[in-house]
$ cat upload39.pdb   # PDB, N, CA and C atoms
MODEL        1
ATOM      1  N   MET A 206     -17.397 -29.046 152.270
ATOM      2  CA  MET A 206     -16.093 -28.726 151.746
ATOM      3  C   MET A 206     -15.692 -27.349 152.275
ATOM      4  N   LYS A 207     -14.524 -27.265 152.890
ATOM      5  CA  LYS A 207     -14.040 -25.989 153.410
ATOM      6  C   LYS A 207     -13.084 -25.359 152.419
ATOM      7  N   VAL A 208     -13.237 -24.060 152.230
ATOM      8  CA  VAL A 208     -12.360 -23.304 151.346
ATOM      9  C   VAL A 208     -11.707 -22.209 152.177
ATOM     10  N   LEU A 209     -10.389 -22.163 152.175
ATOM     11  CA  LEU A 209      -9.682 -21.110 152.888
ATOM     12  C   LEU A 209      -9.481 -19.950 151.930
ATOM     13  N   LEU A 210      -9.957 -18.776 152.334
ATOM     14  CA  LEU A 210      -9.800 -17.579 151.534
ATOM     15  C   LEU A 210      -8.643 -16.766 152.086
ATOM     16  N   LEU A 211      -7.721 -16.393 151.231
ATOM     17  CA  LEU A 211      -6.544 -15.633 151.612
ATOM     18  C   LEU A 211      -6.821 -14.152 151.422
ATOM     19  N   ASN A 212      -6.704 -13.364 152.495
ATOM     20  CA  ASN A 212      -6.873 -11.921 152.427
ATOM     21  C   ASN A 212      -5.641 -11.333 151.746
ATOM     22  N   VAL A 213      -5.843 -10.674 150.605
ATOM     23  CA  VAL A 213      -4.731 -10.060 149.886
ATOM     24  C   VAL A 213      -4.717  -8.544 150.058
ATOM     25  N   GLY A 214      -5.485  -8.056 151.017
ATOM     26  CA  GLY A 214      -5.497  -6.634 151.341
ATOM     27  C   GLY A 214      -6.764  -5.939 150.909
ATOM     28  N   PHE A 215      -7.168  -4.956 151.712
ATOM     29  CA  PHE A 215      -8.314  -4.097 151.430
ATOM     30  C   PHE A 215      -9.618  -4.886 151.244
ATOM     31  N   GLY A 216      -9.757  -5.972 151.976
ATOM     32  CA  GLY A 216     -10.984  -6.764 151.925
ATOM     33  C   GLY A 216     -11.070  -7.699 150.738
ATOM     34  N   ASN A 217     -10.043  -7.778 149.932
ATOM     35  CA  ASN A 217     -10.027  -8.683 148.781
ATOM     36  C   ASN A 217      -9.498 -10.036 149.206
ATOM     37  N   VAL A 218     -10.093 -11.093 148.693
ATOM     38  CA  VAL A 218      -9.685 -12.448 149.052
ATOM     39  C   VAL A 218      -9.491 -13.299 147.800
ATOM     40  N   VAL A 219      -8.645 -14.316 147.940
ATOM     41  CA  VAL A 219      -8.362 -15.278 146.880
ATOM     42  C   VAL A 219      -8.491 -16.663 147.494
ATOM     43  N   ALA A 220      -9.022 -17.612 146.746
ATOM     44  CA  ALA A 220      -9.083 -18.988 147.231
ATOM     45  C   ALA A 220      -7.656 -19.509 147.389
ATOM     46  N   ALA A 221      -7.273 -19.827 148.612
ATOM     47  CA  ALA A 221      -5.893 -20.199 148.922
ATOM     48  C   ALA A 221      -5.446 -21.456 148.174
ATOM     49  N   ASP A 222      -6.361 -22.378 147.907
ATOM     50  CA  ASP A 222      -5.969 -23.605 147.215
ATOM     51  C   ASP A 222      -5.692 -23.378 145.727
ATOM     52  N   LYS A 223      -6.015 -22.205 145.209
ATOM     53  CA  LYS A 223      -5.750 -21.860 143.807
ATOM     54  C   LYS A 223      -4.419 -21.141 143.632
ATOM     55  N   VAL A 224      -3.771 -20.735 144.736
ATOM     56  CA  VAL A 224      -2.523 -19.988 144.664
ATOM     57  C   VAL A 224      -1.366 -20.934 144.348
ATOM     58  N   VAL A 225      -0.596 -20.574 143.316
ATOM     59  CA  VAL A 225       0.572 -21.355 142.910
ATOM     60  C   VAL A 225       1.834 -20.726 143.478
ATOM     61  N   ALA A 226       1.905 -19.373 143.458
ATOM     62  CA  ALA A 226       3.106 -18.685 143.921
ATOM     63  C   ALA A 226       2.762 -17.294 144.433
ATOM     64  N   ILE A 227       3.571 -16.844 145.397
ATOM     65  CA  ILE A 227       3.505 -15.479 145.905
ATOM     66  C   ILE A 227       4.927 -14.948 145.803
ATOM     67  N   VAL A 228       5.135 -13.939 144.949
ATOM     68  CA  VAL A 228       6.491 -13.473 144.656
ATOM     69  C   VAL A 228       6.593 -11.959 144.788
ATOM     70  N   SER A 229       7.827 -11.488 144.923
ATOM     71  CA  SER A 229       8.109 -10.053 144.922
ATOM     72  C   SER A 229       8.077  -9.546 143.485
ATOM     73  N   PRO A 230       7.675  -8.290 143.287
ATOM     74  CA  PRO A 230       7.500  -7.784 141.915
ATOM     75  C   PRO A 230       8.750  -7.225 141.248
ATOM     76  N   GLY A 231       9.918  -7.294 141.888
ATOM     77  CA  GLY A 231      11.085  -6.574 141.402
ATOM     78  C   GLY A 231      11.834  -7.152 140.226
ATOM     79  N   SER A 232      11.832  -8.450 140.045
ATOM     80  CA  SER A 232      12.695  -9.038 139.009
ATOM     81  C   SER A 232      12.087  -8.891 137.607
ATOM     82  N   ALA A 233      12.956  -8.913 136.619
ATOM     83  CA  ALA A 233      12.516  -8.762 135.229
ATOM     84  C   ALA A 233      11.558  -9.874 134.779
ATOM     85  N   PRO A 234      11.804 -11.152 135.130
ATOM     86  CA  PRO A 234      10.851 -12.191 134.715
ATOM     87  C   PRO A 234       9.449 -11.982 135.307
ATOM     88  N   ILE A 235       9.394 -11.487 136.536
ATOM     89  CA  ILE A 235       8.085 -11.254 137.161
ATOM     90  C   ILE A 235       7.399 -10.062 136.496
ATOM     91  N   LYS A 236       8.174  -9.053 136.124
ATOM     92  CA  LYS A 236       7.605  -7.907 135.402
ATOM     93  C   LYS A 236       7.045  -8.356 134.051
ATOM     94  N   ARG A 237       7.752  -9.276 133.370
ATOM     95  CA  ARG A 237       7.244  -9.818 132.098
ATOM     96  C   ARG A 237       5.972 -10.628 132.324
ATOM     97  N   LEU A 238       5.952 -11.409 133.392
ATOM     98  CA  LEU A 238       4.755 -12.187 133.735
ATOM     99  C   LEU A 238       3.555 -11.263 133.933
ATOM    100  N   LYS A 239       3.781 -10.173 134.627
ATOM    101  CA  LYS A 239       2.726  -9.182 134.878
ATOM    102  C   LYS A 239       2.230  -8.570 133.565
ATOM    103  N   GLU A 240       3.155  -8.197 132.693
ATOM    104  CA  GLU A 240       2.774  -7.606 131.400
ATOM    105  C   GLU A 240       2.032  -8.609 130.518
ATOM    106  N   ASP A 241       2.490  -9.858 130.499
ATOM    107  CA  ASP A 241       1.804 -10.895 129.722
ATOM    108  C   ASP A 241       0.376 -11.103 130.220
ATOM    109  N   ALA A 242       0.210 -11.116 131.544
ATOM    110  CA  ALA A 242      -1.121 -11.290 132.118
ATOM    111  C   ALA A 242      -2.027 -10.111 131.752
ATOM    112  N   LYS A 243      -1.451  -8.917 131.736
ATOM    113  CA  LYS A 243      -2.230  -7.727 131.371
ATOM    114  C   LYS A 243      -2.721  -7.833 129.935
ATOM    115  N   GLU A 244      -1.836  -8.272 129.029
ATOM    116  CA  GLU A 244      -2.201  -8.424 127.619
ATOM    117  C   GLU A 244      -3.272  -9.485 127.422
ATOM    118  N   GLN A 245      -3.245 -10.539 128.256
ATOM    119  CA  GLN A 245      -4.208 -11.632 128.135
ATOM    120  C   GLN A 245      -5.498 -11.369 128.910
ATOM    121  N   GLY A 246      -5.571 -10.247 129.616
ATOM    122  CA  GLY A 246      -6.760  -9.930 130.404
ATOM    123  C   GLY A 246      -6.858 -10.746 131.683
ATOM    124  N   LYS A 247      -5.724 -11.202 132.201
ATOM    125  CA  LYS A 247      -5.712 -12.021 133.405
ATOM    126  C   LYS A 247      -5.020 -11.339 134.575
ATOM    127  N   LEU A 248      -4.870 -10.018 134.498
ATOM    128  CA  LEU A 248      -4.245  -9.256 135.574
ATOM    129  C   LEU A 248      -5.328  -8.655 136.452
ATOM    130  N   ILE A 249      -5.217  -8.876 137.753
ATOM    131  CA  ILE A 249      -6.169  -8.325 138.725
ATOM    132  C   ILE A 249      -5.389  -7.434 139.672
ATOM    133  N   ASP A 250      -5.743  -6.154 139.704
ATOM    134  CA  ASP A 250      -5.054  -5.197 140.560
ATOM    135  C   ASP A 250      -5.862  -5.005 141.841
ATOM    136  N   ALA A 251      -5.343  -5.547 142.944
ATOM    137  CA  ALA A 251      -6.016  -5.434 144.243
ATOM    138  C   ALA A 251      -5.244  -4.503 145.176
ATOM    139  N   THR A 252      -4.501  -3.553 144.594
ATOM    140  CA  THR A 252      -3.663  -2.670 145.405
ATOM    141  C   THR A 252      -4.370  -1.388 145.829
ATOM    142  N   TYR A 253      -5.482  -1.040 145.191
ATOM    143  CA  TYR A 253      -6.192   0.210 145.469
ATOM    144  C   TYR A 253      -5.259   1.410 145.332
ATOM    145  N   GLY A 254      -4.399   1.388 144.319
ATOM    146  CA  GLY A 254      -3.511   2.503 144.041
ATOM    147  C   GLY A 254      -2.237   2.535 144.863
ATOM    148  N   ARG A 255      -2.082   1.590 145.754
ATOM    149  CA  ARG A 255      -0.863   1.540 146.564
ATOM    150  C   ARG A 255       0.240   0.816 145.808
ATOM    151  N   LYS A 256       1.432   0.847 146.366
ATOM    152  CA  LYS A 256       2.573   0.184 145.748
ATOM    153  C   LYS A 256       2.370  -1.332 145.757
ATOM    154  N   THR A 257       2.674  -1.978 144.636
ATOM    155  CA  THR A 257       2.596  -3.437 144.557
ATOM    156  C   THR A 257       3.764  -4.028 145.327
ATOM    157  N   ARG A 258       3.453  -4.843 146.330
ATOM    158  CA  ARG A 258       4.504  -5.475 147.136
ATOM    159  C   ARG A 258       4.571  -6.975 146.917
ATOM    160  N   ALA A 259       3.476  -7.554 146.430
ATOM    161  CA  ALA A 259       3.461  -8.991 146.161
ATOM    162  C   ALA A 259       2.656  -9.253 144.896
ATOM    163  N   ILE A 260       3.092 -10.253 144.161
ATOM    164  CA  ILE A 260       2.346 -10.713 142.993
ATOM    165  C   ILE A 260       1.962 -12.160 143.264
ATOM    166  N   ILE A 261       0.668 -12.429 143.154
ATOM    167  CA  ILE A 261       0.124 -13.759 143.433
ATOM    168  C   ILE A 261      -0.270 -14.392 142.104
ATOM    169  N   VAL A 262       0.238 -15.586 141.857
ATOM    170  CA  VAL A 262      -0.059 -16.318 140.627
ATOM    171  C   VAL A 262      -0.981 -17.477 140.989
ATOM    172  N   THR A 263      -2.054 -17.637 140.220
ATOM    173  CA  THR A 263      -3.012 -18.707 140.497
ATOM    174  C   THR A 263      -2.861 -19.841 139.488
ATOM    175  N   ASP A 264      -3.524 -20.950 139.769
ATOM    176  CA  ASP A 264      -3.445 -22.111 138.878
ATOM    177  C   ASP A 264      -4.137 -21.872 137.537
ATOM    178  N   SER A 265      -4.951 -20.826 137.436
ATOM    179  CA  SER A 265      -5.598 -20.483 136.168
ATOM    180  C   SER A 265      -4.811 -19.421 135.401
ATOM    181  N   ASN A 266      -3.569 -19.175 135.836
ATOM    182  CA  ASN A 266      -2.662 -18.190 135.238
ATOM    183  C   ASN A 266      -3.124 -16.748 135.431
ATOM    184  N   HIS A 267      -4.003 -16.511 136.380
ATOM    185  CA  HIS A 267      -4.338 -15.142 136.745
ATOM    186  C   HIS A 267      -3.210 -14.601 137.616
ATOM    187  N   VAL A 268      -2.934 -13.315 137.464
ATOM    188  CA  VAL A 268      -1.886 -12.649 138.219
ATOM    189  C   VAL A 268      -2.560 -11.549 139.033
ATOM    190  N   ILE A 269      -2.388 -11.617 140.348
ATOM    191  CA  ILE A 269      -3.047 -10.681 141.256
ATOM    192  C   ILE A 269      -1.988  -9.805 141.907
ATOM    193  N   LEU A 270      -2.157  -8.486 141.782
ATOM    194  CA  LEU A 270      -1.247  -7.537 142.412
ATOM    195  C   LEU A 270      -1.784  -7.214 143.795
ATOM    196  N   SER A 271      -0.911  -7.261 144.786
ATOM    197  CA  SER A 271      -1.318  -7.015 146.165
ATOM    198  C   SER A 271      -0.390  -6.003 146.820
ATOM    199  N   ALA A 272      -0.943  -5.224 147.739
ATOM    200  CA  ALA A 272      -0.159  -4.221 148.466
ATOM    201  C   ALA A 272       0.441  -4.785 149.751
ATOM    202  N   ILE A 273       0.229  -6.073 150.023
ATOM    203  CA  ILE A 273       0.830  -6.667 151.215
ATOM    204  C   ILE A 273       2.143  -7.352 150.823
ATOM    205  N   ASN A 274       3.028  -7.504 151.778
ATOM    206  CA  ASN A 274       4.319  -8.145 151.529
ATOM    207  C   ASN A 274       4.135  -9.632 151.233
ATOM    208  N   PRO A 275       5.015 -10.220 150.407
ATOM    209  CA  PRO A 275       4.914 -11.657 150.123
ATOM    210  C   PRO A 275       5.006 -12.508 151.388
ATOM    211  N   GLU A 276       5.861 -12.090 152.328
ATOM    212  CA  GLU A 276       6.002 -12.834 153.577
ATOM    213  C   GLU A 276       4.696 -12.820 154.375
ATOM    214  N   THR A 277       4.035 -11.668 154.382
ATOM    215  CA  THR A 277       2.755 -11.539 155.082
ATOM    216  C   THR A 277       1.713 -12.456 154.451
ATOM    217  N   ALA A 278       1.652 -12.454 153.127
ATOM    218  CA  ALA A 278       0.689 -13.312 152.426
ATOM    219  C   ALA A 278       0.969 -14.784 152.713
ATOM    220  N   ALA A 279       2.248 -15.163 152.718
ATOM    221  CA  ALA A 279       2.608 -16.561 152.993
ATOM    222  C   ALA A 279       2.213 -16.956 154.409
ATOM    223  N   LEU A 280       2.456 -16.075 155.365
ATOM    224  CA  LEU A 280       2.060 -16.374 156.743
ATOM    225  C   LEU A 280       0.547 -16.476 156.879
ATOM    226  N   ARG A 281      -0.174 -15.647 156.152
ATOM    227  CA  ARG A 281      -1.638 -15.727 156.183
ATOM    228  C   ARG A 281      -2.112 -17.049 155.613
ATOM    229  N   MET A 282      -1.432 -17.549 154.581
ATOM    230  CA  MET A 282      -1.809 -18.855 154.015
ATOM    231  C   MET A 282      -1.593 -19.966 155.035
ATOM    232  N   LEU A 283      -0.579 -19.802 155.873
ATOM    233  CA  LEU A 283      -0.310 -20.791 156.914
ATOM    234  C   LEU A 283      -1.233 -20.631 158.112
ATOM    235  N   GLY A 284      -2.012 -19.551 158.121
ATOM    236  CA  GLY A 284      -2.961 -19.333 159.199
ATOM    237  C   GLY A 284      -2.374 -18.649 160.410
ATOM    238  N   LYS A 285      -1.230 -18.007 160.269
ATOM    239  CA  LYS A 285      -0.601 -17.332 161.400
ATOM    240  C   LYS A 285      -0.944 -15.858 161.374
ATOM    241  N   LYS A 286      -1.088 -15.278 162.545
ATOM    242  CA  LYS A 286      -1.351 -13.852 162.661
ATOM    243  C   LYS A 286      -0.084 -13.090 162.330
ATOM    244  N   THR A 287      -0.230 -11.969 161.577
ATOM    245  CA  THR A 287       0.956 -11.300 161.067
ATOM    246  C   THR A 287       1.110  -9.850 161.482
ATOM    247  N   SER A 288       0.084  -9.219 162.044
ATOM    248  CA  SER A 288       0.215  -7.796 162.342
ATOM    249  C   SER A 288      -0.463  -7.453 163.656
ATOM    250  N   GLN A 289      -0.209  -6.241 164.114
ATOM    251  CA  GLN A 289      -0.848  -5.762 165.323
ATOM    252  C   GLN A 289      -2.249  -5.237 165.023
ATOM    253  N   ASN A 290      -2.557  -4.984 163.764
ATOM    254  CA  ASN A 290      -3.851  -4.452 163.373
ATOM    255  C   ASN A 290      -4.826  -5.609 163.154
ATOM    256  N   PRO A 291      -5.840  -5.762 164.015
ATOM    257  CA  PRO A 291      -6.763  -6.888 163.875
ATOM    258  C   PRO A 291      -7.558  -6.859 162.577
ATOM    259  N   GLU A 292      -7.701  -5.696 161.957
ATOM    260  CA  GLU A 292      -8.436  -5.622 160.704
ATOM    261  C   GLU A 292      -7.698  -6.330 159.579
ATOM    262  N   ASP A 293      -6.363  -6.441 159.680
ATOM    263  CA  ASP A 293      -5.573  -7.087 158.645
ATOM    264  C   ASP A 293      -5.608  -8.601 158.748
ATOM    265  N   ASP A 294      -5.980  -9.138 159.884
ATOM    266  CA  ASP A 294      -5.922 -10.576 160.118
ATOM    267  C   ASP A 294      -7.302 -11.196 159.981
ATOM    268  N   ASP A 295      -7.853 -11.155 158.769
ATOM    269  CA  ASP A 295      -9.214 -11.641 158.616
ATOM    270  C   ASP A 295      -9.347 -12.659 157.494
ATOM    271  N   ASP A 296      -8.421 -13.642 157.458
ATOM    272  CA  ASP A 296      -8.622 -14.771 156.558
ATOM    273  C   ASP A 296      -9.905 -15.462 156.985
ATOM    274  N   ILE A 297     -10.612 -16.020 156.037
ATOM    275  CA  ILE A 297     -11.937 -16.552 156.313
ATOM    276  C   ILE A 297     -12.020 -17.994 155.839
ATOM    277  N   ASN A 298     -12.583 -18.861 156.666
ATOM    278  CA  ASN A 298     -12.922 -20.210 156.230
ATOM    279  C   ASN A 298     -14.373 -20.189 155.788
ATOM    280  N   VAL A 299     -14.647 -20.726 154.615
ATOM    281  CA  VAL A 299     -16.010 -20.792 154.128
ATOM    282  C   VAL A 299     -16.393 -22.258 154.004
ATOM    283  N   ASP A 300     -17.469 -22.650 154.639
ATOM    284  CA  ASP A 300     -17.947 -24.016 154.558
ATOM    285  C   ASP A 300     -19.016 -24.057 153.469
ATOM    286  N   LEU A 301     -18.678 -24.633 152.312
ATOM    287  CA  LEU A 301     -19.620 -24.726 151.211
ATOM    288  C   LEU A 301     -20.325 -26.074 151.289
ATOM    289  N   GLN A 302     -21.635 -26.020 151.422
ATOM    290  CA  GLN A 302     -22.402 -27.246 151.551
ATOM    291  C   GLN A 302     -23.099 -27.531 150.229
ATOM    292  N   ASP A 303     -22.984 -28.781 149.750
ATOM    293  CA  ASP A 303     -23.535 -29.148 148.451
ATOM    294  C   ASP A 303     -25.051 -29.046 148.403
ATOM    295  N   ASP A 304     -25.731 -29.419 149.487
ATOM    296  CA  ASP A 304     -27.182 -29.466 149.478
ATOM    297  C   ASP A 304     -27.813 -28.193 150.024
ATOM    298  N   ASN A 305     -27.034 -27.199 150.395
ATOM    299  CA  ASN A 305     -27.577 -26.003 151.018
ATOM    300  C   ASN A 305     -26.785 -24.797 150.535
ATOM    301  N   ASP A 306     -27.449 -23.709 150.216
ATOM    302  CA  ASP A 306     -26.776 -22.517 149.711
ATOM    303  C   ASP A 306     -26.214 -21.634 150.814
ATOM    304  N   GLU A 307     -26.416 -21.997 152.082
ATOM    305  CA  GLU A 307     -25.910 -21.182 153.174
ATOM    306  C   GLU A 307     -24.397 -21.317 153.273
ATOM    307  N   GLN A 308     -23.739 -20.201 153.623
ATOM    308  CA  GLN A 308     -22.298 -20.220 153.835
ATOM    309  C   GLN A 308     -22.034 -19.826 155.279
ATOM    310  N   GLU A 309     -21.194 -20.587 155.938
ATOM    311  CA  GLU A 309     -20.836 -20.307 157.324
ATOM    312  C   GLU A 309     -19.449 -19.686 157.346
ATOM    313  N   LEU A 310     -19.334 -18.484 157.903
ATOM    314  CA  LEU A 310     -18.061 -17.784 157.933
ATOM    315  C   LEU A 310     -17.457 -17.886 159.323
ATOM    316  N   ASP A 311     -16.211 -18.320 159.384
ATOM    317  CA  ASP A 311     -15.494 -18.437 160.645
ATOM    318  C   ASP A 311     -14.129 -17.798 160.472
ATOM    319  N   SER A 312     -13.557 -17.328 161.555
ATOM    320  CA  SER A 312     -12.176 -16.864 161.536
ATOM    321  C   SER A 312     -11.269 -18.072 161.516
ATOM    322  N   THR A 313     -10.089 -17.888 160.976
ATOM    323  CA  THR A 313      -9.092 -18.955 160.975
ATOM    324  C   THR A 313      -8.642 -19.214 162.390
ATOM    325  N   GLU A 314      -8.634 -20.464 162.804
ATOM    326  CA  GLU A 314      -8.181 -20.835 164.129
ATOM    327  C   GLU A 314      -6.909 -21.657 163.989
ATOM    328  N   VAL A 315      -5.901 -21.318 164.772
ATOM    329  CA  VAL A 315      -4.622 -21.996 164.710
ATOM    330  C   VAL A 315      -4.258 -22.483 166.085
ATOM    331  N   GLU A 316      -3.849 -23.763 166.163
ATOM    332  CA  GLU A 316      -3.368 -24.283 167.431
ATOM    333  C   GLU A 316      -1.908 -23.902 167.584
ATOM    334  N   GLU A 317      -1.546 -23.387 168.717
ATOM    335  CA  GLU A 317      -0.155 -23.009 168.931
ATOM    336  C   GLU A 317       0.480 -23.860 169.998
TER
ENDMDL
END

$ encode --input "upload39.pdb" --output "structure tokens"
Amino acid sequence: MKVLLLNVGFGNVVAADKVVAIVSPGSAPIKRLKEDAKEQGKLIDATYGRKTRAIIVTDSNHVILSAINPETAALRMLGKKTSQNPEDDDDINVDLQDDNDEQELDSTEVEE
């Protein structure tokens, strides 16, 4: 079983198949969503003190704050390269094998 991990910045990753939405943090409903998640203990801050540029909502109602732009995160989910900095383009495919605890890490490959 392959799991695509979405890089949300600063080496933090989220299972891409668990992502429900990637939104901008500016609107009042999104700010309320963020506050509700904080009260419920489901807010994850992956910004490392930087400005929040994207809010990622998962299927478990966790809310993840990210310092990358929503457009960048969406392109990363599609497997497209988004920046000139190779360190930023490190989405990872993980091959989880049921009978073996080894994990094989590969870079995302996209046919163009």

$ residues_around --input "upload39.pdb" --residues "stretch 272-286 of chain A" --least-positions-apart "3" --cutoff "5 Å" --atoms "all atoms listed in the file" --output "list in words"
Thr252, Lys256, Thr257, Arg258 and Ala259 of chain A

$ resolve_selection --input "upload39.pdb" --expression "the PyMOL selection byres ((chain A and resi 224-229) around 6.5)" --output "PyMOL selection string"
chain A and resi 220-223+230-232+258-264+275

$ atom_distance --input "upload39.pdb" --atom1 "atom N of A:Tyr253" --atom2 "atom CA of A:Val219"
14.6 Å

$ resolve_selection --input "upload39.pdb" --expression "the PyMOL selection byres (((chain A and resi 247 and name CA) around 12) and name CA)" --output "VMD selection string"
chain A and resid 238 to 246 248 to 250 261 to 270

$ atom_distance --input "upload39.pdb" --atom1 "atom N of A:Pro234" --atom2 "atom C of A:Gly216"
27.9 Å

$ atom_distance --input "upload39.pdb" --atom1 "atom N of A:Gly254" --atom2 "atom CA of A:Arg237"
20.3 Å

$ closest_residue --input "upload39.pdb" --among "A:Val218, A:Ser271, A:Ile235, A:Met206" --to "A:Ala251" --atoms "all atoms listed in the file"
A:Ser271

$ decode --input "upload39.pdb" --residues "stretch 234-242 of chain A" --atoms "all heavy atoms" --output "mmCIF file, in the first residue's frame"
data_model
loop_
_atom_site.group_PDB
_atom_site.id
_atom_site.type_symbol
_atom_site.label_atom_id
_atom_site.label_comp_id
_atom_site.auth_asym_id
_atom_site.auth_seq_id
_atom_site.Cartn_x
_atom_site.Cartn_y
_atom_site.Cartn_z
ATOM 1 N N PRO A 234 -15.160 32.466 8.907
ATOM 2 C CA PRO A 234 -15.490 31.064 9.195
ATOM 3 C C PRO A 234 -14.243 30.192 9.412
ATOM 4 O O PRO A 234 -14.252 29.302 10.259
ATOM 5 C CB PRO A 234 -16.255 30.603 7.954
ATOM 6 C CG PRO A 234 -16.812 31.852 7.367
ATOM 7 C CD PRO A 234 -15.792 32.908 7.663
ATOM 8 N N ILE A 235 -13.183 30.483 8.669
ATOM 9 C CA ILE A 235 -11.954 29.694 8.829
ATOM 10 C C ILE A 235 -11.292 30.034 10.163
ATOM 11 O O ILE A 235 -10.744 29.157 10.848
ATOM 12 C CB ILE A 235 -10.999 29.933 7.643
ATOM 13 C CG1 ILE A 235 -11.656 29.485 6.335
ATOM 14 C CG2 ILE A 235 -9.679 29.203 7.863
ATOM 15 C CD1 ILE A 235 -12.102 28.037 6.298
ATOM 16 N N LYS A 236 -11.357 31.296 10.564
ATOM 17 C CA LYS A 236 -10.820 31.688 11.873
ATOM 18 C C LYS A 236 -11.590 30.988 12.994
ATOM 19 O O LYS A 236 -10.998 30.538 13.979
ATOM 20 C CB LYS A 236 -10.880 33.203 12.047
ATOM 21 C CG LYS A 236 -9.877 33.931 11.169
ATOM 22 C CD LYS A 236 -9.983 35.434 11.339
ATOM 23 C CE LYS A 236 -9.011 36.136 10.399
ATOM 24 N NZ LYS A 236 -9.101 37.603 10.493
ATOM 25 N N ARG A 237 -12.921 30.867 12.839
ATOM 26 C CA ARG A 237 -13.726 30.139 13.835
ATOM 27 C C ARG A 237 -13.361 28.659 13.849
ATOM 28 O O ARG A 237 -13.267 28.050 14.917
ATOM 29 C CB ARG A 237 -15.214 30.313 13.554
ATOM 30 C CG ARG A 237 -15.756 31.663 13.987
ATOM 31 C CD ARG A 237 -17.279 31.680 14.009
ATOM 32 N NE ARG A 237 -17.865 31.460 12.687
ATOM 33 C CZ ARG A 237 -18.092 32.411 11.795
ATOM 34 N NH1 ARG A 237 -17.780 33.664 12.070
ATOM 35 N NH2 ARG A 237 -18.645 32.124 10.635
ATOM 36 N N LEU A 238 -13.156 28.090 12.672
ATOM 37 C CA LEU A 238 -12.743 26.685 12.574
ATOM 38 C C LEU A 238 -11.432 26.459 13.324
ATOM 39 O O LEU A 238 -11.285 25.485 14.067
ATOM 40 C CB LEU A 238 -12.592 26.292 11.106
ATOM 41 C CG LEU A 238 -12.130 24.877 10.820
ATOM 42 C CD1 LEU A 238 -13.225 23.873 11.151
ATOM 43 C CD2 LEU A 238 -11.725 24.743 9.360
ATOM 44 N N LYS A 239 -10.506 27.370 13.144
ATOM 45 C CA LYS A 239 -9.204 27.295 13.819
ATOM 46 C C LYS A 239 -9.372 27.376 15.338
ATOM 47 O O LYS A 239 -8.792 26.580 16.078
ATOM 48 C CB LYS A 239 -8.305 28.423 13.313
ATOM 49 C CG LYS A 239 -6.960 28.493 13.951
ATOM 50 C CD LYS A 239 -6.160 29.631 13.334
ATOM 51 C CE LYS A 239 -5.403 30.370 14.381
ATOM 52 N NZ LYS A 239 -4.656 31.501 13.885
ATOM 53 N N GLU A 240 -10.190 28.310 15.799
ATOM 54 C CA GLU A 240 -10.422 28.460 17.246
ATOM 55 C C GLU A 240 -11.130 27.240 17.832
ATOM 56 O O GLU A 240 -10.795 26.790 18.932
ATOM 57 C CB GLU A 240 -11.218 29.739 17.535
ATOM 58 C CG GLU A 240 -10.413 30.997 17.336
ATOM 59 C CD GLU A 240 -9.143 31.041 18.173
ATOM 60 O OE1 GLU A 240 -9.191 30.698 19.384
ATOM 61 O OE2 GLU A 240 -8.086 31.394 17.611
ATOM 62 N N ASP A 241 -12.114 26.704 17.116
ATOM 63 C CA ASP A 241 -12.809 25.499 17.580
ATOM 64 C C ASP A 241 -11.846 24.320 17.702
ATOM 65 O O ASP A 241 -11.897 23.562 18.674
ATOM 66 C CB ASP A 241 -13.957 25.139 16.642
ATOM 67 C CG ASP A 241 -15.103 26.142 16.696
ATOM 68 O OD1 ASP A 241 -15.140 26.964 17.635
ATOM 69 O OD2 ASP A 241 -15.952 26.109 15.778
ATOM 70 N N ALA A 242 -10.961 24.177 16.713
ATOM 71 C CA ALA A 242 -9.986 23.091 16.749
ATOM 72 C C ALA A 242 -9.030 23.260 17.932
ATOM 73 O O ALA A 242 -8.655 22.279 18.582
ATOM 74 C CB ALA A 242 -9.203 23.044 15.436
#
